[in-house]
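Visitor: What follows is a single structure, and I will ask about it in a moment.
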Amino acid sequence: MEEIKQESGQTAFPAAETGSAVFPPRRNKEKKRKKYRDGVSGLLMALPPVIGFAIFGLIPQVVSLWLSFQEAHSFDFAQSVFVGFRNFGEILSDKSFYLAIGNTVFYMIPTFVCIALGLAIAVLISNKGLRGKKFFRSVFFVPYVCSVVATTVMWYWIFEEDYGILNGILVSSFGEGARVGWLSTETPFRMAMLFMLIWSGCGYNIILYQSAIASVDNTLYEAADIDGATSAQKFFHITWPSIMPTTFFMFIMGVINGLQAFTTQQVWGDQVGGQGPNQSALTAVYYIYRKAWVEPTTYGMGYASAASWILALLIGLVTVINFRVKKRRGD
């Protein structure tokens, strides 16, 4: 290209011409085709989860919202009758619903116990001088990965009043007077349920806490050792603040899962009067299940759908409050 002399005496070159000289039409078409193929490929890869969510998530939610304003006692929606907010009013005036909410909150106690126990055990397992870490980690995690129904049935036969292993040991050791109605009396039933939930829930927290502790910057501990910090000081000033996001995650997920408690209570409840002694197994989701499937002629799908949306709003409210509290604390 022909050089152009500028007034400054420096040599400059004319700006490159745009258009076909630099980017030929053929190359532009190839780029557009590649971009189009990439877009189509990405769309096809994203479609399966989107379709799955639409079929099993979005559509059922829309139908459930519509049903919550209907009186529907079967899946024949043509026979449903619009009743407005009547279902919501009846639920909020039902004492059994508030009992179910109370039971649900009570069975969330293992959430906080498992967080504390999980942290304590994870700290012990993370000790560099401890041998067999993989073995202990596996032992604690096995109950979490086992089938919930299978473990619930197993514990049912351990606590069974007449033929259970636990009562067999108590009676053989202390006589017939030591027999306890673990599943037929309200307080022992609740205590047995709490014990089972703690046993099955700690393993998950232990694994998460151990991973979080392992990711803490080791130079912080080295600096604390130089300053003469004790083990307690290192835990409360280094370990605990560093694993706070993990703790918050466990708390949020534990609360959400706790508000949806159903399987263990349903398995035991069906064996003992349908809802446990004095309805002690009746949780919010179990309440919804019974209204839809056990008592459909009296309540039905519309009533159960309304109860589901009340529970969903409650879960959303608790989650929002937790996030706002965390944000105010600046964690």
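Here, A, B, ... name the chains of the structure tokens in the order displayed, residue numbers run from 1 inside each chain, and ligands are numbered from 1 in the same displayed order.
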Counting only C-alpha atoms, what are the residues of range 218-249 of chain A within 12 Å of range 114-119 of chain A, and for each of them which pair of atoms is the nearest and at what distance in Å, to one decimal? Sort the table by chain and rising number, as CSV.

Guide:
residue,atom,partner,partner_atom,distance
A:Phe235,CA,A:Leu119,CA,11.1
A:Thr239,CA,A:Leu119,CA,10.6
A:Trp240,CA,A:Leu119,CA,9.6
A:Ile243,CA,A:Leu119,CA,9.8
A:Met244,CA,A:Leu119,CA,11.2
A:Thr246,CA,A:Ile115,CA,10.2
A:Thr247,CA,A:Ile115,CA,7.5
A:Phe248,CA,A:Ile115,CA,10.0
A:Phe249,CA,A:Ile115,CA,10.6

Visitor: Would you kindly return, as a list in words, each protein, DNA or RNA residue with an atom no farther than 9 Å from any atom of Phe97 in chain A, considering only C-alpha atoms and excluding same-chain residues fewer than 3 positions away?

Guide: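 The residues that qualify are Ile91, Leu92, Ser93, Asp94, Ala100, Ile101, Gly102, Leu282, Thr283, Ala284, Tyr287 and Ala307 of chain A.
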
Visitor: Output N, CA and C atoms for every residue in that selection, as a PDB file, in the first residue's frame.

Guide:
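File written: out.pdb
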ATOM      1  N   ILE A  91     -59.369 -24.475  55.507  1.00  0.00           N
ATOM      2  CA  ILE A  91     -58.072 -24.959  55.993  1.00  0.00           C
ATOM      3  C   ILE A  91     -57.596 -24.114  57.169  1.00  0.00           C
ATOM      4  N   LEU A  92     -57.691 -22.809  57.038  1.00  0.00           N
ATOM      5  CA  LEU A  92     -57.208 -21.919  58.092  1.00  0.00           C
ATOM      6  C   LEU A  92     -58.072 -21.983  59.350  1.00  0.00           C
ATOM      7  N   SER A  93     -59.255 -22.571  59.245  1.00  0.00           N
ATOM      8  CA  SER A  93     -60.103 -22.747  60.432  1.00  0.00           C
ATOM      9  C   SER A  93     -60.078 -24.182  60.956  1.00  0.00           C
ATOM     10  N   ASP A  94     -59.247 -25.029  60.349  1.00  0.00           N
ATOM     11  CA  ASP A  94     -59.150 -26.433  60.739  1.00  0.00           C
ATOM     12  C   ASP A  94     -58.057 -26.604  61.796  1.00  0.00           C
ATOM     13  N   ALA A 100     -50.818 -30.072  62.447  1.00  0.00           N
ATOM     14  CA  ALA A 100     -49.847 -30.575  61.469  1.00  0.00           C
ATOM     15  C   ALA A 100     -48.660 -29.625  61.337  1.00  0.00           C
ATOM     16  N   ILE A 101     -48.926 -28.315  61.326  1.00  0.00           N
ATOM     17  CA  ILE A 101     -47.837 -27.337  61.254  1.00  0.00           C
ATOM     18  C   ILE A 101     -46.964 -27.430  62.502  1.00  0.00           C
ATOM     19  N   GLY A 102     -47.580 -27.575  63.667  1.00  0.00           N
ATOM     20  CA  GLY A 102     -46.820 -27.715  64.907  1.00  0.00           C
ATOM     21  C   GLY A 102     -45.946 -28.963  64.902  1.00  0.00           C
ATOM     22  N   LEU A 282     -48.752 -36.562  62.175  1.00  0.00           N
ATOM     23  CA  LEU A 282     -49.395 -35.745  61.147  1.00  0.00           C
ATOM     24  C   LEU A 282     -48.578 -34.491  60.877  1.00  0.00           C
ATOM     25  N   THR A 283     -47.861 -34.458  59.756  1.00  0.00           N
ATOM     26  CA  THR A 283     -47.135 -33.270  59.330  1.00  0.00           C
ATOM     27  C   THR A 283     -47.937 -32.539  58.251  1.00  0.00           C
ATOM     28  N   ALA A 284     -47.431 -31.406  57.797  1.00  0.00           N
ATOM     29  CA  ALA A 284     -48.169 -30.610  56.817  1.00  0.00           C
ATOM     30  C   ALA A 284     -48.376 -31.385  55.510  1.00  0.00           C
ATOM     31  N   TYR A 287     -50.744 -34.224  56.023  1.00  0.00           N
ATOM     32  CA  TYR A 287     -52.095 -33.660  56.078  1.00  0.00           C
ATOM     33  C   TYR A 287     -52.658 -33.513  54.655  1.00  0.00           C
ATOM     34  N   ALA A 307     -54.205 -26.406  50.408  1.00  0.00           N
ATOM     35  CA  ALA A 307     -53.263 -26.618  51.509  1.00  0.00           C
ATOM     36  C   ALA A 307     -51.823 -26.627  50.994  1.00  0.00           C
TER      37      ALA A 307
END

Visitor: Provide the CA of Ser242 in chain A to CA of Val216 in chain A distance in Å, to one decimal place.

Guide: 6.5 Å
